[in-house]
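First the structure, in the form of C-alpha cells, and then the observations on it.
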Amino acid sequence: MPELPEVETVVRVIRPRIEGLRIRSIRRLNGTASLFNGATEAQLNRLVKNQRIRAVTRRGKYIVLELERGVLLIHLRMTGRLLFRKGPDDPERHFTARIDFQNQASLWFRDMRKFGRITYCSDRENWEGRLGPEPLSDQFTLDWLRGELKRRHRKMKALLLDQSFLAGLGNIYVDEVLWAARIHPETLSHRVSQSKAAALHRAIRSILQASIDHQGTTIINFAFGEGKTGNFRSLLQVFGRTGKPCPRCGTAIKKVRVNQRGTHFCPVCQKR
Ligand SMILES: [Zn+2]
C-alpha cells in the first residue's frame, strides 16, 4: 500500500498538471458503491462541479485537492493509481473513476482491488483532527514523541501504524524505522528508552525523506505518472528481507505477525 513517500510522489506528479483547473464532473466507472464513501455520483457532482482546484497537497496518506469550498480527498489504499490517460492494455474494469476538467484534461483512477476512495469533505478541520501530526512537519518534535510514548502503553508496531497517532507511516516504513532505532516491534511504547526514542525520531524523519528523494518504494502495485516506479526498494534494510542477513549484524531477519501485520525485524539488534 502506498505510504507517505509514495503518496507524496504522486502529489508532486499530478500537482503541476491539475492545479488551477476547474472540475467539470466526476464519474464512477467500474467502482463499487462505496467509492465515494456513501455519496452518490450525483451528490458528489453537486458539491464539486465547477470548483477550481486551488492546490494539491498531501496529509498522511491522503491526496488533498483543495477546492474553493471544501476538499476532495483521494485515498489510494491497496492498488490505486492516478493516470492522465489509459494505457492501451489497461482493462476497462480496473478503472473505478474519472475526473474531467473544463480544459478537457482527465484524471483516471485505476484501482484493481477497488478499495480506494474519493471523498468530499466540507469541514477540513474536523477531518484533519482525526489524524496525528505530519512526521516531516515542525509539530513532530522529539519532546512530543517522548511524551506520547510515555503516555501510551501500546506495542510499538501497532502504535506507529495508527494514523491518529502519527500520519503517513504504514507497514513498510514502520518496520524500517523500528529496525533503524533498534526497537523490537512488540516493545510497549512507555518502555522505550529516551535514547531509543531519539533514534526513532531521527529515523522516521530521515527514512521518509530519503524515500521521497527516491520517489518511494515499489513493492507491488505502486506506480505514478506514466508507469514510473519508485527506487527506494533497494534501500530497504528489513522489509521483505526475511531470512536475509541483517545489514548491521548479519543475523537472519525474522518475520512474525504483530497485530495481524507481517512484521520484519532483527532478533539480535532489536531485543525486547
Ligand atoms: Zn541485526
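Here, A, B, ... name the chains of the C-alpha cells in the order displayed, residue numbers run from 1 inside each chain, and ligands are numbered from 1 in the same displayed order.
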
Output as JSON lines one row per residue of chain A within 12 Å of ligand 1: the closest atom pair and its distance in Å to one decimal place, counting only C-alpha atoms and all ligand atoms, sorted by chain and residue number ascending.
```
{"residue": "A:Leu178", "atom": "CA", "partner": "ligand 1", "partner_atom_place_in_ligand_line": "1 (Zn)", "distance": 11.7}
{"residue": "A:Trp179", "atom": "CA", "partner": "ligand 1", "partner_atom_place_in_ligand_line": "1 (Zn)", "distance": 8.2}
{"residue": "A:Ala180", "atom": "CA", "partner": "ligand 1", "partner_atom_place_in_ligand_line": "1 (Zn)", "distance": 9.7}
{"residue": "A:Ala181", "atom": "CA", "partner": "ligand 1", "partner_atom_place_in_ligand_line": "1 (Zn)", "distance": 11.2}
{"residue": "A:Arg182", "atom": "CA", "partner": "ligand 1", "partner_atom_place_in_ligand_line": "1 (Zn)", "distance": 8.5}
{"residue": "A:Ile183", "atom": "CA", "partner": "ligand 1", "partner_atom_place_in_ligand_line": "1 (Zn)", "distance": 11.1}
{"residue": "A:His184", "atom": "CA", "partner": "ligand 1", "partner_atom_place_in_ligand_line": "1 (Zn)", "distance": 11.2}
{"residue": "A:Gln237", "atom": "CA", "partner": "ligand 1", "partner_atom_place_in_ligand_line": "1 (Zn)", "distance": 9.9}
{"residue": "A:Val238", "atom": "CA", "partner": "ligand 1", "partner_atom_place_in_ligand_line": "1 (Zn)", "distance": 9.4}
{"residue": "A:Gly243", "atom": "CA", "partner": "ligand 1", "partner_atom_place_in_ligand_line": "1 (Zn)", "distance": 11.7}
{"residue": "A:Lys244", "atom": "CA", "partner": "ligand 1", "partner_atom_place_in_ligand_line": "1 (Zn)", "distance": 10.6}
{"residue": "A:Pro245", "atom": "CA", "partner": "ligand 1", "partner_atom_place_in_ligand_line": "1 (Zn)", "distance": 7.7}
{"residue": "A:Cys246", "atom": "CA", "partner": "ligand 1", "partner_atom_place_in_ligand_line": "1 (Zn)", "distance": 4.6}
{"residue": "A:Pro247", "atom": "CA", "partner": "ligand 1", "partner_atom_place_in_ligand_line": "1 (Zn)", "distance": 6.6}
{"residue": "A:Arg248", "atom": "CA", "partner": "ligand 1", "partner_atom_place_in_ligand_line": "1 (Zn)", "distance": 5.0}
{"residue": "A:Cys249", "atom": "CA", "partner": "ligand 1", "partner_atom_place_in_ligand_line": "1 (Zn)", "distance": 4.2}
{"residue": "A:Gly250", "atom": "CA", "partner": "ligand 1", "partner_atom_place_in_ligand_line": "1 (Zn)", "distance": 6.0}
{"residue": "A:Thr251", "atom": "CA", "partner": "ligand 1", "partner_atom_place_in_ligand_line": "1 (Zn)", "distance": 5.5}
{"residue": "A:Ala252", "atom": "CA", "partner": "ligand 1", "partner_atom_place_in_ligand_line": "1 (Zn)", "distance": 7.8}
{"residue": "A:Ile253", "atom": "CA", "partner": "ligand 1", "partner_atom_place_in_ligand_line": "1 (Zn)", "distance": 7.6}
{"residue": "A:Lys254", "atom": "CA", "partner": "ligand 1", "partner_atom_place_in_ligand_line": "1 (Zn)", "distance": 10.1}
{"residue": "A:His264", "atom": "CA", "partner": "ligand 1", "partner_atom_place_in_ligand_line": "1 (Zn)", "distance": 11.3}
{"residue": "A:Phe265", "atom": "CA", "partner": "ligand 1", "partner_atom_place_in_ligand_line": "1 (Zn)", "distance": 8.0}
{"residue": "A:Cys266", "atom": "CA", "partner": "ligand 1", "partner_atom_place_in_ligand_line": "1 (Zn)", "distance": 4.7}
{"residue": "A:Pro267", "atom": "CA", "partner": "ligand 1", "partner_atom_place_in_ligand_line": "1 (Zn)", "distance": 6.7}
{"residue": "A:Val268", "atom": "CA", "partner": "ligand 1", "partner_atom_place_in_ligand_line": "1 (Zn)", "distance": 5.1}
{"residue": "A:Cys269", "atom": "CA", "partner": "ligand 1", "partner_atom_place_in_ligand_line": "1 (Zn)", "distance": 4.1}
{"residue": "A:Gln270", "atom": "CA", "partner": "ligand 1", "partner_atom_place_in_ligand_line": "1 (Zn)", "distance": 7.1}
{"residue": "A:Lys271", "atom": "CA", "partner": "ligand 1", "partner_atom_place_in_ligand_line": "1 (Zn)", "distance": 9.7}
```

Take the residues from that selection and write them out as an mmCIF file, in the first residue's frame, keeping C-alpha atoms.
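Dumped everything to selection_29.cif:
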```
data_model
loop_
_atom_site.group_PDB
_atom_site.id
_atom_site.type_symbol
_atom_site.label_atom_id
_atom_site.label_comp_id
_atom_site.auth_asym_id
_atom_site.auth_seq_id
_atom_site.Cartn_x
_atom_site.Cartn_y
_atom_site.Cartn_z
ATOM 1 C CA LEU A 178 11.991 0.342 14.241
ATOM 2 C CA TRP A 179 14.994 -1.523 12.872
ATOM 3 C CA ALA A 180 16.969 1.720 12.494
ATOM 4 C CA ALA A 181 16.185 2.658 16.116
ATOM 5 C CA ARG A 182 16.831 -0.908 17.407
ATOM 6 C CA ILE A 183 13.352 -1.187 18.914
ATOM 7 C CA HIS A 184 11.541 -4.543 18.980
ATOM 8 C CA GLN A 237 17.006 -2.916 5.292
ATOM 9 C CA VAL A 238 14.446 -5.346 6.754
ATOM 10 C CA GLY A 243 15.913 -14.898 6.142
ATOM 11 C CA LYS A 244 18.444 -12.499 4.628
ATOM 12 C CA PRO A 245 21.264 -11.113 6.771
ATOM 13 C CA CYS A 246 20.652 -8.031 8.913
ATOM 14 C CA PRO A 247 22.762 -5.259 7.311
ATOM 15 C CA ARG A 248 24.097 -4.355 10.782
ATOM 16 C CA CYS A 249 24.920 -7.684 12.435
ATOM 17 C CA GLY A 250 24.389 -10.430 9.845
ATOM 18 C CA THR A 251 21.683 -12.301 11.790
ATOM 19 C CA ALA A 252 18.827 -13.628 9.655
ATOM 20 C CA ILE A 253 15.869 -11.219 9.518
ATOM 21 C CA LYS A 254 12.769 -12.722 11.099
ATOM 22 C CA HIS A 264 10.196 -7.869 9.852
ATOM 23 C CA PHE A 265 12.916 -7.368 12.452
ATOM 24 C CA CYS A 266 16.385 -8.452 13.544
ATOM 25 C CA PRO A 267 16.191 -10.657 16.660
ATOM 26 C CA VAL A 268 19.666 -9.560 17.764
ATOM 27 C CA CYS A 269 19.611 -5.797 17.097
ATOM 28 C CA GLN A 270 16.012 -5.402 18.254
ATOM 29 C CA LYS A 271 15.793 -7.083 21.654
#
```

(message) Which residues are close to Gly60 in chain A, i.e. within 9 Å by only C-alpha atoms, leaving aside same-chain residues fewer than 3 positions away? Reply as a PyMOL selection string.
(response) chain A and resi 3-4+7+63+131-135+163+166-169

Write out the residues from the selection above, keeping C-alpha atoms, as a PDB file, in the first residue's frame.
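Once everything was written out, this is selection23.pdb:
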```pdb
ATOM      1  CA  GLU A   3       2.595   5.203   2.319  1.00  0.00           C
ATOM      2  CA  LEU A   4       3.676   8.789   2.908  1.00  0.00           C
ATOM      3  CA  VAL A   7       1.638   9.474  -1.867  1.00  0.00           C
ATOM      4  CA  ILE A  63      -4.066  13.225  -1.610  1.00  0.00           C
ATOM      5  CA  LEU A 131      -5.079  12.456  12.108  1.00  0.00           C
ATOM      6  CA  GLY A 132      -1.853  12.638  14.078  1.00  0.00           C
ATOM      7  CA  PRO A 133       0.901  15.109  13.182  1.00  0.00           C
ATOM      8  CA  GLU A 134       2.836  15.018   9.925  1.00  0.00           C
ATOM      9  CA  PRO A 135       6.194  13.332  10.607  1.00  0.00           C
ATOM     10  CA  GLN A 163      -2.873   7.180  11.760  1.00  0.00           C
ATOM     11  CA  LEU A 166       1.202   9.788  13.567  1.00  0.00           C
ATOM     12  CA  ALA A 167       0.002  10.218   9.975  1.00  0.00           C
ATOM     13  CA  GLY A 168       1.615   8.564   6.984  1.00  0.00           C
ATOM     14  CA  LEU A 169       3.522   5.500   8.146  1.00  0.00           C
TER      15      LEU A 169
END
```

(request) Using only C-alpha atoms, find the one residue out of A:Ile212, A:Val48, A:Leu82, A:Met156 that sits nearest to Glu68 in chain A. (result)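 Closest to Glu68 in chain A, using only C-alpha atoms: A:Val48.
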
Per residue of range 104-170 of chain A within 10 Å of range 86-99 of chain A, what are the shortest atom pair and its distance in Å to one decimal, counting only C-alpha atoms, with rows by chain and residue number, as a tab-separated table?
```
residue	atom	partner	partner_atom	distance
A:Ala105	CA	A:Ile99	CA	8.6
A:Ser106	CA	A:Ile99	CA	5.5
A:Leu107	CA	A:Ile99	CA	5.1
A:Trp108	CA	A:Arg98	CA	4.5
A:Phe109	CA	A:Ala97	CA	5.1
A:Arg110	CA	A:Phe95	CA	4.3
A:Asp111	CA	A:His94	CA	5.5
A:Met112	CA	A:His94	CA	4.8
A:Arg113	CA	A:His94	CA	8.0
A:Lys114	CA	A:Thr96	CA	7.0
A:Phe115	CA	A:Thr96	CA	9.8
A:Gly116	CA	A:Thr96	CA	8.7
A:Arg117	CA	A:Thr96	CA	9.5
A:Ile118	CA	A:Ala97	CA	8.8
```

(request) Write out as a ChimeraX atom specification all residues of range 15-221 of chain A that backbone DSSP assigns to strand (DSSP E or B). (result) /A:22-28,52-59,62-67,71-75,80-83,95-101,106-111,117-121,155,188

(request) Just give me the gap between CA of Leu145 in chain A and CA of Ala198 in chain A in Å, one decimal is fine. (result) 8.6 Å

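Backbone DSSP assigns alpha helix (DSSP H) in range 34-169 of chain A to Glu41, Ala42, Gln43, Leu44, Asn45, Arg46, Leu47, Val48, Arg124, Glu125, Asn126, Trp127, Glu128, Leu142, Asp143, Trp144, Leu145, Arg146, Gly147, Glu148, Leu149, Lys150, Arg151, Met156, Lys157, Ala158, Leu159, Leu160 and Leu161 of chain A.
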
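Comparing A:Asp100, A:Asp213, A:Glu66, A:Asp143 by their smallest distance to Ser122 in chain A, the closest is A:Glu66 (using only C-alpha atoms).
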
(message) With distances taken over only C-alpha atoms, which residue among A:Ala210, A:Val71, A:Met1, A:Val56 lies nearest Ser234 in chain A?
(response)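 Ranked by minimum distance to Ser234 in chain A, first place goes to A:Ala210.
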
(message) Show me, as a list of chain:residue names, the residues that have an atom within 10 Å of Leu65 in chain A when counting only C-alpha atoms, minus same-chain residues fewer than 3 positions from it.
(response)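 Close residues of Leu65 in chain A: A:Val11, A:Arg15, A:Ile18, A:Glu19, A:Arg52, A:Ile53, A:Arg54, A:Ala55, A:Val56, A:Thr57, A:Arg58, A:Tyr62, A:Glu68, A:Gly70, A:Val71, A:Leu72, A:Leu73, A:Ile74, A:Tyr120.
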
(message) Could you tell me how far CA of Thr187 in chain A sits from CA of Tyr173 in chain A, in Å to one decimal place?
(response) 16.9 Å

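Shortest atom-to-atom contact with Gly31 in chain A among A:Gln215, A:Gln139, A:Gly80, A:Gln209: A:Gly80, counting only C-alpha atoms.
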
(request) With a distance cut-off of 9 Å and only C-alpha atoms, select the neighbouring residues of Asn45 in chain A, excluding the residue or stretch itself and same-chain residues fewer than 6 positions from it, and output the selection as a ChimeraX atom specification. (result) /A:24-27

Go ahead and save the residues from that selection, with C-alpha atoms, as a JSON list (two decimals), in the first residue's frame.
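Below is the file that was written, again00.json:
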```json
[["chain", "number", "residue", "atom", "x", "y", "z"],
["A", 24, "ARG", "CA", -16.36, 19.51, -14.94],
["A", 25, "SER", "CA", -17.53, 16.19, -13.49],
["A", 26, "ILE", "CA", -16.56, 13.08, -11.59],
["A", 27, "ARG", "CA", -17.79, 9.79, -12.96]]
```
